[in-house]
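Structure data (mmCIF, C-alpha atoms and all ligand atoms) from coords.cif:
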data_data
loop_
_atom_site.group_PDB
_atom_site.id
_atom_site.type_symbol
_atom_site.label_atom_id
_atom_site.label_comp_id
_atom_site.auth_asym_id
_atom_site.auth_seq_id
_atom_site.Cartn_x
_atom_site.Cartn_y
_atom_site.Cartn_z
ATOM 1 C CA MET A 1 -38.726 19.018 -5.148
ATOM 2 C CA ARG A 2 -37.242 17.079 -7.980
ATOM 3 C CA PRO A 3 -36.820 13.396 -7.235
ATOM 4 C CA ILE A 4 -33.245 12.298 -7.152
ATOM 5 C CA HIS A 5 -32.485 8.921 -8.574
ATOM 6 C CA TYR A 6 -29.273 7.045 -8.413
ATOM 7 C CA VAL A 7 -27.789 4.473 -10.634
ATOM 8 C CA ALA A 8 -25.034 2.789 -8.749
ATOM 9 C CA ALA A 9 -22.873 0.398 -10.631
ATOM 10 C CA LEU A 10 -20.764 -1.322 -8.065
ATOM 11 C CA VAL A 11 -18.233 -3.365 -9.893
ATOM 12 C CA ALA A 12 -16.069 -5.280 -7.540
ATOM 13 C CA ALA A 13 -13.818 -7.109 -9.942
ATOM 14 C CA LEU A 14 -12.861 -10.067 -7.828
ATOM 15 C CA ALA A 15 -9.239 -10.423 -8.677
ATOM 16 C CA LEU A 16 -8.048 -13.942 -8.003
ATOM 17 C CA ALA A 17 -5.692 -14.120 -5.083
ATOM 18 C CA GLY A 18 -2.292 -12.970 -6.233
ATOM 19 C CA CYS A 19 -3.337 -12.542 -9.834
ATOM 20 C CA SER A 20 -1.848 -9.864 -11.980
ATOM 21 C CA THR A 21 -4.969 -7.990 -12.999
ATOM 22 C CA PRO A 22 -3.656 -4.695 -14.364
ATOM 23 C CA VAL A 23 -5.045 -1.787 -12.462
ATOM 24 C CA THR A 24 -6.970 -0.100 -15.227
ATOM 25 C CA VAL A 25 -10.018 1.922 -14.488
ATOM 26 C CA PRO A 26 -13.008 1.923 -16.832
ATOM 27 C CA GLU A 27 -13.949 5.131 -18.600
ATOM 28 C CA PRO A 28 -16.597 7.208 -16.854
ATOM 29 C CA PRO A 29 -20.097 7.135 -18.330
ATOM 30 C CA ALA A 30 -20.576 9.269 -21.411
ATOM 31 C CA ALA A 31 -23.268 11.899 -21.930
ATOM 32 C CA VAL A 32 -22.729 14.127 -18.988
ATOM 33 C CA VAL A 33 -23.890 17.269 -20.773
ATOM 34 C CA ARG A 34 -27.630 17.881 -20.520
ATOM 35 C CA GLU A 35 -29.805 20.681 -21.804
ATOM 36 C CA GLN A 36 -31.588 21.184 -18.524
ATOM 37 C CA PRO A 37 -30.344 20.364 -15.067
ATOM 38 C CA VAL A 38 -31.438 16.915 -13.990
ATOM 39 C CA ALA A 39 -30.095 14.682 -11.285
ATOM 40 C CA MET A 40 -27.063 12.927 -12.707
ATOM 41 C CA PRO A 41 -26.698 9.203 -12.268
ATOM 42 C CA LEU A 42 -24.058 8.696 -9.651
ATOM 43 C CA VAL A 43 -21.635 5.990 -10.595
ATOM 44 C CA LEU A 44 -19.182 4.252 -8.343
ATOM 45 C CA MET A 45 -16.829 1.659 -9.713
ATOM 46 C CA LEU A 46 -14.326 -0.281 -7.650
ATOM 47 C CA GLN A 47 -11.566 -2.530 -8.849
ATOM 48 C CA GLY A 48 -9.844 -5.116 -6.740
ATOM 49 C CA SER A 49 -10.988 -7.708 -4.273
ATOM 50 C CA ILE A 50 -12.491 -6.127 -1.139
ATOM 51 C CA GLU A 51 -10.442 -8.003 1.430
ATOM 52 C CA GLN A 52 -8.003 -7.393 4.239
ATOM 53 C CA GLY A 53 -4.688 -6.158 2.839
ATOM 54 C CA ALA A 54 -6.202 -4.992 -0.477
ATOM 55 C CA MET A 55 -5.477 -1.852 -2.431
ATOM 56 C CA VAL A 56 -8.774 -0.769 -3.975
ATOM 57 C CA VAL A 57 -8.912 1.639 -6.930
ATOM 58 C CA GLY A 58 -12.194 3.404 -7.583
ATOM 59 C CA ARG A 59 -13.682 5.860 -9.976
ATOM 60 C CA THR A 60 -16.670 8.121 -9.714
ATOM 61 C CA ALA A 61 -17.957 11.345 -11.238
ATOM 62 C CA PRO A 62 -15.268 14.024 -11.488
ATOM 63 C CA GLY A 63 -15.674 16.650 -8.800
ATOM 64 C CA SER A 64 -17.180 14.241 -6.279
ATOM 65 C CA ARG A 65 -16.144 14.038 -2.657
ATOM 66 C CA VAL A 66 -15.428 10.519 -1.456
ATOM 67 C CA THR A 67 -15.153 9.416 2.141
ATOM 68 C CA LEU A 68 -14.189 6.066 3.604
ATOM 69 C CA GLY A 69 -15.687 5.949 7.070
ATOM 70 C CA GLU A 70 -14.857 9.395 8.417
ATOM 71 C CA ARG A 71 -11.880 9.845 6.175
ATOM 72 C CA ALA A 72 -11.917 12.055 3.060
ATOM 73 C CA LEU A 73 -10.083 10.488 0.104
ATOM 74 C CA ARG A 74 -8.146 12.379 -2.506
ATOM 75 C CA VAL A 75 -10.094 12.296 -5.789
ATOM 76 C CA ALA A 76 -8.200 12.932 -9.033
ATOM 77 C CA ALA A 77 -9.565 15.262 -11.713
ATOM 78 C CA ASP A 78 -10.952 12.268 -13.632
ATOM 79 C CA GLY A 79 -12.701 10.873 -10.530
ATOM 80 C CA THR A 80 -10.060 8.238 -9.674
ATOM 81 C CA PHE A 81 -9.384 7.466 -6.020
ATOM 82 C CA VAL A 82 -7.672 4.734 -4.030
ATOM 83 C CA PHE A 83 -7.727 3.319 -0.533
ATOM 84 C CA GLY A 84 -6.109 0.473 1.340
ATOM 85 C CA LEU A 85 -7.578 -2.054 3.731
ATOM 86 C CA ASP A 86 -5.354 -2.952 6.664
ATOM 87 C CA ARG A 87 -4.363 -6.451 7.807
ATOM 88 C CA ASP A 88 -7.080 -6.302 10.473
ATOM 89 C CA ALA A 89 -9.630 -4.143 8.631
ATOM 90 C CA PRO A 90 -13.167 -4.534 10.064
ATOM 91 C CA ALA A 91 -15.812 -6.717 8.358
ATOM 92 C CA GLU A 92 -17.561 -3.674 6.887
ATOM 93 C CA VAL A 93 -16.472 -0.235 5.732
ATOM 94 C CA ALA A 94 -18.725 2.578 4.512
ATOM 95 C CA LEU A 95 -17.819 4.378 1.321
ATOM 96 C CA GLN A 96 -19.709 7.577 0.591
ATOM 97 C CA VAL A 97 -19.724 9.588 -2.601
ATOM 98 C CA ALA A 98 -21.121 13.113 -2.722
ATOM 99 C CA ALA A 99 -21.361 14.391 -6.268
ATOM 100 C CA ALA A 100 -20.965 18.043 -7.191
ATOM 101 C CA ASP A 101 -24.717 18.226 -7.935
ATOM 102 C CA GLY A 102 -25.604 17.196 -4.387
ATOM 103 C CA ASN A 103 -26.372 13.541 -5.022
ATOM 104 C CA THR A 104 -24.954 11.184 -2.471
ATOM 105 C CA LEU A 105 -24.418 7.465 -2.476
ATOM 106 C CA THR A 106 -23.370 5.343 0.463
ATOM 107 C CA SER A 107 -22.146 1.831 -0.087
ATOM 108 C CA THR A 108 -21.348 -0.593 2.687
ATOM 109 C CA LEU A 109 -18.487 -2.775 1.562
ATOM 110 C CA ALA A 110 -18.121 -6.256 3.013
ATOM 111 C CA VAL A 111 -14.433 -6.840 3.697
ATOM 112 C CA LYS A 112 -13.366 -10.443 3.241
ATOM 113 C CA PRO A 113 -11.322 -11.607 6.239
ATOM 114 C CA ARG A 114 -8.040 -13.438 5.754
ATOM 115 C CA GLU A 115 -6.201 -16.033 7.763
ATOM 116 C CA TYR A 116 -2.591 -15.381 8.648
ATOM 117 C CA ASN A 117 0.057 -17.925 9.430
ATOM 118 C CA ILE A 118 2.675 -17.991 12.159
ATOM 119 C CA GLN A 119 6.316 -17.629 11.233
ATOM 120 C CA ARG A 120 9.261 -18.236 13.517
ATOM 121 C CA VAL A 121 12.495 -16.393 12.897
ATOM 122 C CA THR A 122 15.626 -17.306 14.819
ATOM 123 C CA GLY A 123 19.204 -16.111 14.944
ATOM 124 C CA ILE A 124 18.365 -12.477 15.732
ATOM 125 C CA SER A 125 21.126 -10.790 17.742
ATOM 126 C CA GLU A 126 20.664 -9.915 21.400
ATOM 127 C CA ARG A 127 21.137 -6.230 20.612
ATOM 128 C CA ILE A 128 18.256 -6.234 18.147
ATOM 129 C CA MET A 129 16.038 -8.309 20.451
ATOM 130 C CA ASN A 130 16.633 -6.094 23.502
ATOM 131 C CA PRO A 131 17.466 -2.560 22.346
ATOM 132 C CA SER A 132 19.369 -0.344 24.772
ATOM 133 C CA ALA A 133 17.999 3.020 25.889
ATOM 134 C CA LYS A 134 20.170 4.639 23.229
ATOM 135 C CA ASP A 135 18.860 2.286 20.568
ATOM 136 C CA LEU A 136 15.268 2.908 21.701
ATOM 137 C CA ALA A 137 15.770 6.635 21.211
ATOM 138 C CA ARG A 138 17.126 5.944 17.737
ATOM 139 C CA ILE A 139 14.161 3.664 16.957
ATOM 140 C CA GLU A 140 11.770 6.441 17.943
ATOM 141 C CA VAL A 141 13.433 8.939 15.601
ATOM 142 C CA GLU A 142 13.519 6.452 12.724
ATOM 143 C CA SER A 143 9.884 5.410 13.185
ATOM 144 C CA ALA A 144 8.887 9.067 12.934
ATOM 145 C CA GLN A 145 10.948 9.447 9.731
ATOM 146 C CA ILE A 146 9.210 6.416 8.200
ATOM 147 C CA ALA A 147 5.754 7.624 9.286
ATOM 148 C CA ALA A 148 6.433 11.069 7.788
ATOM 149 C CA ALA A 149 7.496 9.556 4.462
ATOM 150 C CA ARG A 150 4.324 7.453 4.331
ATOM 151 C CA ALA A 151 2.094 10.412 5.243
ATOM 152 C CA ARG A 152 2.732 12.182 1.952
ATOM 153 C CA ASP A 153 -0.439 12.816 -0.040
ATOM 154 C CA ASP A 154 0.498 13.652 -3.602
ATOM 155 C CA GLU A 155 -1.821 14.055 -6.592
ATOM 156 C CA ARG A 156 0.303 11.780 -8.817
ATOM 157 C CA THR A 157 -1.395 8.500 -9.781
ATOM 158 C CA ASP A 158 1.669 6.296 -10.308
ATOM 159 C CA PHE A 159 -0.187 3.593 -8.341
ATOM 160 C CA LEU A 160 -2.320 2.959 -11.461
ATOM 161 C CA GLN A 161 0.656 1.210 -13.110
ATOM 162 C CA SER A 162 0.698 -2.589 -12.995
ATOM 163 C CA PHE A 163 3.239 -3.235 -10.265
ATOM 164 C CA ILE A 164 6.290 -5.402 -10.961
ATOM 165 C CA TRP A 165 8.394 -7.472 -8.565
ATOM 166 C CA PRO A 166 11.360 -5.422 -7.319
ATOM 167 C CA ALA A 167 13.564 -8.541 -7.460
ATOM 168 C CA ASP A 168 13.324 -12.179 -8.579
ATOM 169 C CA GLY A 169 13.698 -14.915 -6.016
ATOM 170 C CA PRO A 170 11.824 -17.355 -3.794
ATOM 171 C CA ILE A 171 9.209 -15.970 -1.410
ATOM 172 C CA THR A 172 10.423 -16.544 2.135
ATOM 173 C CA GLY A 173 7.909 -14.473 4.093
ATOM 174 C CA VAL A 174 4.387 -13.212 3.445
ATOM 175 C CA TYR A 175 2.025 -10.440 4.497
ATOM 176 C CA GLY A 176 0.243 -10.693 7.786
ATOM 177 C CA SER A 177 2.183 -13.507 9.469
ATOM 178 C CA GLN A 178 2.352 -13.438 13.211
ATOM 179 C CA ARG A 179 6.076 -13.291 13.866
ATOM 180 C CA TYR A 180 8.077 -14.881 16.648
ATOM 181 C CA TYR A 181 11.653 -13.659 16.822
ATOM 182 C CA ASN A 182 13.904 -16.043 18.791
ATOM 183 C CA GLY A 183 10.638 -17.471 20.192
ATOM 184 C CA VAL A 184 9.281 -14.094 21.348
ATOM 185 C CA PRO A 185 5.971 -12.916 19.782
ATOM 186 C CA LYS A 186 6.384 -9.565 18.007
ATOM 187 C CA ARG A 187 4.305 -7.450 15.641
ATOM 188 C CA PRO A 188 2.970 -9.103 12.481
ATOM 189 C CA HIS A 189 5.055 -9.126 9.335
ATOM 190 C CA TYR A 190 3.671 -6.758 6.712
ATOM 191 C CA GLY A 191 5.996 -7.265 3.781
ATOM 192 C CA VAL A 192 6.666 -9.924 1.215
ATOM 193 C CA ASP A 193 10.185 -11.322 1.623
ATOM 194 C CA VAL A 194 12.181 -12.357 -1.430
ATOM 195 C CA GLY A 195 15.258 -14.501 -0.749
ATOM 196 C CA ILE A 196 18.125 -13.072 -2.815
ATOM 197 C CA PRO A 197 21.890 -12.820 -2.291
ATOM 198 C CA THR A 198 23.345 -9.594 -0.935
ATOM 199 C CA GLY A 199 24.128 -7.176 -3.757
ATOM 200 C CA THR A 200 21.184 -8.111 -6.013
ATOM 201 C CA PRO A 201 19.742 -5.050 -7.838
ATOM 202 C CA VAL A 202 16.411 -3.902 -6.400
ATOM 203 C CA LYS A 203 14.007 -2.170 -8.801
ATOM 204 C CA ALA A 204 11.211 0.332 -8.259
ATOM 205 C CA PRO A 205 7.951 -1.717 -8.412
ATOM 206 C CA ALA A 206 6.188 1.340 -9.879
ATOM 207 C CA ALA A 207 7.195 4.907 -10.630
ATOM 208 C CA GLY A 208 7.233 7.491 -7.885
ATOM 209 C CA ILE A 209 9.164 9.953 -5.768
ATOM 210 C CA VAL A 210 11.747 8.764 -3.247
ATOM 211 C CA THR A 211 10.573 10.043 0.138
ATOM 212 C CA LEU A 212 13.118 8.234 2.295
ATOM 213 C CA ALA A 213 16.622 6.990 1.483
ATOM 214 C CA HIS A 214 18.427 5.816 4.616
ATOM 215 C CA PRO A 215 21.641 3.761 4.654
ATOM 216 C CA ASP A 216 21.001 1.926 7.939
ATOM 217 C CA MET A 217 17.945 2.013 10.194
ATOM 218 C CA PHE A 218 17.812 -0.048 13.394
ATOM 219 C CA TYR A 219 15.100 -2.502 12.326
ATOM 220 C CA SER A 220 14.869 -2.098 8.560
ATOM 221 C CA GLY A 221 18.574 -1.501 7.763
ATOM 222 C CA GLY A 222 19.153 0.234 4.445
ATOM 223 C CA THR A 223 15.693 1.565 3.582
ATOM 224 C CA VAL A 224 14.076 3.215 0.555
ATOM 225 C CA ILE A 225 10.490 4.503 0.470
ATOM 226 C CA ILE A 226 8.914 5.364 -2.881
ATOM 227 C CA ASP A 227 5.700 7.362 -2.934
ATOM 228 C CA HIS A 228 3.305 6.320 -5.735
ATOM 229 C CA GLY A 229 0.732 9.073 -5.114
ATOM 230 C CA HIS A 230 -2.505 9.403 -3.082
ATOM 231 C CA GLY A 231 -0.734 7.961 -0.024
ATOM 232 C CA VAL A 232 0.309 4.694 -1.705
ATOM 233 C CA SER A 233 3.948 3.865 -1.004
ATOM 234 C CA SER A 234 6.488 1.053 -1.270
ATOM 235 C CA THR A 235 9.105 0.422 1.401
ATOM 236 C CA LEU A 236 12.186 -1.613 0.455
ATOM 237 C CA MET A 237 14.193 -2.904 3.410
ATOM 238 C CA HIS A 238 17.414 -4.591 4.604
ATOM 239 C CA LEU A 239 19.341 -3.039 1.699
ATOM 240 C CA SER A 240 23.141 -3.164 1.553
ATOM 241 C CA LYS A 241 23.390 -0.105 -0.671
ATOM 242 C CA VAL A 242 20.977 2.740 -1.393
ATOM 243 C CA LEU A 243 21.399 4.233 -4.875
ATOM 244 C CA VAL A 244 18.799 7.018 -4.824
ATOM 245 C CA THR A 245 18.279 10.244 -2.908
ATOM 246 C CA GLU A 246 15.218 11.776 -1.294
ATOM 247 C CA GLY A 247 13.124 13.842 -3.694
ATOM 248 C CA GLN A 248 14.317 11.868 -6.719
ATOM 249 C CA ARG A 249 11.755 10.777 -9.318
ATOM 250 C CA VAL A 250 12.187 7.119 -10.298
ATOM 251 C CA GLN A 251 10.625 5.147 -13.109
ATOM 252 C CA GLN A 252 9.183 1.673 -12.800
ATOM 253 C CA GLY A 253 11.996 -0.899 -13.091
ATOM 254 C CA GLU A 254 14.749 1.571 -12.269
ATOM 255 C CA VAL A 255 17.403 0.114 -9.951
ATOM 256 C CA VAL A 256 17.162 1.993 -6.653
ATOM 257 C CA ALA A 257 19.290 -0.154 -4.334
ATOM 258 C CA LYS A 258 21.245 -3.363 -3.753
ATOM 259 C CA SER A 259 19.742 -5.976 -1.476
ATOM 260 C CA GLY A 260 21.304 -7.069 1.785
ATOM 261 C CA ALA A 261 20.742 -8.347 5.313
ATOM 262 C CA THR A 262 20.939 -5.137 7.314
ATOM 263 C CA GLY A 263 18.730 -4.368 10.340
ATOM 264 C CA ARG A 264 16.583 -7.065 11.970
ATOM 265 C CA SER A 265 17.219 -9.767 9.420
ATOM 266 C CA SER A 266 18.236 -13.384 9.819
ATOM 267 C CA GLY A 267 19.794 -13.564 6.346
ATOM 268 C CA PRO A 268 20.018 -11.831 2.963
ATOM 269 C CA HIS A 269 16.602 -10.968 1.531
ATOM 270 C CA LEU A 270 14.495 -8.091 0.276
ATOM 271 C CA ASP A 271 11.455 -7.104 2.317
ATOM 272 C CA TRP A 272 8.931 -5.141 0.204
ATOM 273 C CA ARG A 273 6.089 -3.469 2.044
ATOM 274 C CA MET A 274 3.248 -1.379 0.746
ATOM 275 C CA ASN A 275 1.173 1.178 2.544
ATOM 276 C CA TRP A 276 -1.788 3.426 1.996
ATOM 277 C CA PHE A 277 -0.688 6.074 4.498
ATOM 278 C CA GLY A 278 -0.448 4.148 7.787
ATOM 279 C CA GLU A 279 -2.549 1.217 6.562
ATOM 280 C CA ARG A 280 -0.608 -1.868 5.554
ATOM 281 C CA ILE A 281 -1.491 -3.417 2.226
ATOM 282 C CA ASP A 282 -0.323 -6.671 0.689
ATOM 283 C CA ALA A 283 2.238 -6.000 -2.053
ATOM 284 C CA GLN A 284 2.033 -9.588 -3.264
ATOM 285 C CA LYS A 285 -1.586 -9.052 -4.358
ATOM 286 C CA LEU A 286 -0.455 -6.439 -6.888
ATOM 287 C CA VAL A 287 2.099 -8.474 -8.814
ATOM 288 C CA PRO A 288 2.027 -11.693 -10.874
ATOM 289 C CA PRO A 289 2.086 -14.912 -8.830
ATOM 290 C CA ARG A 290 5.375 -16.644 -8.078
HETATM 291 ZN ZN ZN B 301 10.476 -9.319 6.036
#

Mind turning the file's structure into structure tokens?
Ligand SMILES: [Zn+2]
Amino acid sequence: MRPIHYVAALVAALALAGCSTPVTVPEPPAAVVREQPVAMPLVLMLQGSIEQGAMVVGRTAPGSRVTLGERALRVAADGTFVFGLDRDAPAEVALQVAAADGNTLTSTLAVKPREYNIQRVTGISERIMNPSAKDLARIEVESAQIAAARARDDERTDFLQSFIWPADGPITGVYGSQRYYNGVPKRPHYGVDVGIPTGTPVKAPAAGIVTLAHPDMFYSGGTVIIDHGHGVSSTLMHLSKVLVTEGQRVQQGEVVAKSGATGRSSGPHLDWRMNWFGERIDAQKLVPPR
């Protein structure tokens, strides 16, 4: 049997926290045509800090199958793939590449843990704090709508664009914070909050397809979800006016809504969340620092 040898170039470009490293993926290695069949070097390149909340873009040989843990990732024709690491991602994740020629490579990635702060939010109405049975039924329906929008797995690679801020303003809330609403501990906060007056134009942080356009959800108020491909999506919340419709293609920078204070919000702001399917990723890591 022919020996199989691997050359694994594992490039974890350690992006500085919050820095604006454009998401560009290096070209694949040249010279892939050989006269006689030999084991091809299997290359795996990753870009982005491997830490909780990160979006990680990778590239490997076209035609490869890539799995993260037990999960198969979508691999583009040029070998590009992406995955997200949740707020509480474990200390290690296994990434496996199986090339078309049968070579396999397994890499154990060390996931850098992060510390999250505590944020207290007051002034939330009694109705929002203690939803009625009717409101709970509504919440269930809306959660399913949001989950369905984020479940889309499209071959577009709009997520390769360098993301831009959807609005300019002071940061009033960050990813991962443990939230207390009116003193009651609730789920962590997954978005980045930008304090802006109601009516401020909100732009698409990257191109994509609108998968949800809702004028008023119980918790998130006016809500727009934009799918950037491969399961990467942006959710824009607490909007006063939604200016797009579901199925619409939007370009980066296009105004999709006006900001507001709808839903569970203590004042006017934009809440921008990013997901890789159900995993929460930190939008702030993808845009220039503020
Ligand atoms: Zn928020």

Using all atoms listed in the file, what does the table of chain A residues within 9 Å of ligand ZN 301 (chain B) look like, with each row giving the shortest atom pair and its distance in Å to one decimal, sorted by chain and ascending number, as a Markdown table?
| residue | atom | partner | partner_atom | distance |
| --- | --- | --- | --- | --- |
| A:Thr172 | CA | B:ZN301 | ZN | 8.2 |
| A:Gly173 | CA | B:ZN301 | ZN | 6.1 |
| A:Val174 | CA | B:ZN301 | ZN | 7.7 |
| A:Tyr175 | CA | B:ZN301 | ZN | 8.7 |
| A:His189 | CA | B:ZN301 | ZN | 6.3 |
| A:Tyr190 | CA | B:ZN301 | ZN | 7.3 |
| A:Gly191 | CA | B:ZN301 | ZN | 5.4 |
| A:Val192 | CA | B:ZN301 | ZN | 6.2 |
| A:Asp193 | CA | B:ZN301 | ZN | 4.9 |
| A:Val194 | CA | B:ZN301 | ZN | 8.2 |
| A:Ser220 | CA | B:ZN301 | ZN | 8.8 |
| A:Met237 | CA | B:ZN301 | ZN | 7.9 |
| A:His238 | CA | B:ZN301 | ZN | 8.5 |
| A:Arg264 | CA | B:ZN301 | ZN | 8.8 |
| A:Ser265 | CA | B:ZN301 | ZN | 7.6 |
| A:His269 | CA | B:ZN301 | ZN | 7.8 |
| A:Leu270 | CA | B:ZN301 | ZN | 7.1 |
| A:Asp271 | CA | B:ZN301 | ZN | 4.4 |
| A:Trp272 | CA | B:ZN301 | ZN | 7.3 |
| A:Arg273 | CA | B:ZN301 | ZN | 8.3 |

Explicit residue set for the PyMOL selection byres (((chain A and resi 109) around 6) and not hetatm), as a compact mmCIF listing (two decimals) with C-alpha atoms, in the coordinates of the input:
# COMPACT_ATOMS: atom_id res chain seq x y z
CA GLU A 92 -17.56 -3.67 6.89
CA VAL A 93 -16.47 -0.24 5.73
CA THR A 108 -21.35 -0.59 2.69
CA ALA A 110 -18.12 -6.26 3.01

Problem set entry | Gap from CA of Thr211 (chain A) to CA of Val232 (chain A) - Å, one decimal |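 Interatomic distance here is 11.7 Å.
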
Exercise. Of the candidates A:Gly79, A:Lys285, A:Pro166, A:Ala98, which one gets nearest to Ser49 (chain A) if we count only C-alpha atoms?
Worked result: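 For Ser49 (chain A), the nearest of the given residues is A:Lys285.
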
Please build the interface table for region 94-196 of chain A against region 200-207 of chain A with a cut-off of 10 Å, listing for each qualifying residue the nearest atom pair and the distance in Å to one decimal; count all atoms listed in the file, order rows by chain and increasing number, and write it as a Markdown table.
| residue | atom | partner | partner_atom | distance |
| --- | --- | --- | --- | --- |
| A:Arg156 | CA | A:Ala207 | CA | 9.9 |
| A:Thr157 | CA | A:Ala207 | CA | 9.3 |
| A:Asp158 | CA | A:Ala207 | CA | 5.7 |
| A:Phe159 | CA | A:Ala206 | CA | 6.9 |
| A:Leu160 | CA | A:Ala206 | CA | 8.8 |
| A:Gln161 | CA | A:Ala206 | CA | 6.4 |
| A:Ser162 | CA | A:Ala206 | CA | 7.4 |
| A:Phe163 | CA | A:Pro205 | CA | 5.3 |
| A:Ile164 | CA | A:Pro205 | CA | 4.8 |
| A:Trp165 | CA | A:Pro205 | CA | 5.8 |
| A:Pro166 | CA | A:Lys203 | CA | 4.4 |
| A:Ala167 | CA | A:Val202 | CA | 5.5 |
| A:Asp168 | CA | A:Val202 | CA | 9.1 |
| A:Ile196 | CA | A:Thr200 | CA | 6.6 |

For this session: Could you tell me which residues the PyMOL selection byres (((chain A and resi 215) around 9) and not hetatm) returns for this structure, as a list in words?
Result: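 On the file shown, the PyMOL selection byres (((chain A and resi 215) around 9) and not hetatm) covers Ala213, His214, Asp216, Met217, Gly221, Gly222, Thr223, Val224, Leu239, Ser240, Lys241 and Val242 of chain A.
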
Export of prior selection with C-alpha atoms as a PDB file, in the frame of the given file:
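Generated output (out.pdb):
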ATOM      1  CA  ALA A 213      16.622   6.990   1.483  1.00  0.00           C
ATOM      2  CA  HIS A 214      18.427   5.816   4.616  1.00  0.00           C
ATOM      3  CA  ASP A 216      21.001   1.926   7.939  1.00  0.00           C
ATOM      4  CA  MET A 217      17.945   2.013  10.194  1.00  0.00           C
ATOM      5  CA  GLY A 221      18.574  -1.501   7.763  1.00  0.00           C
ATOM      6  CA  GLY A 222      19.153   0.234   4.445  1.00  0.00           C
ATOM      7  CA  THR A 223      15.693   1.565   3.582  1.00  0.00           C
ATOM      8  CA  VAL A 224      14.076   3.215   0.555  1.00  0.00           C
ATOM      9  CA  LEU A 239      19.341  -3.039   1.699  1.00  0.00           C
ATOM     10  CA  SER A 240      23.141  -3.164   1.553  1.00  0.00           C
ATOM     11  CA  LYS A 241      23.390  -0.105  -0.671  1.00  0.00           C
ATOM     12  CA  VAL A 242      20.977   2.740  -1.393  1.00  0.00           C
TER      13      VAL A 242
END

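CA of Gly48 (chain A) lies 25.7 Å from CA of Ala100 (chain A).
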
Problem set entry | Counting only C-alpha atoms, the residue of A:Gln178, A:Thr245, A:Thr67, A:Gln52 that sits nearest Asn117 (chain A) | A:Gln178
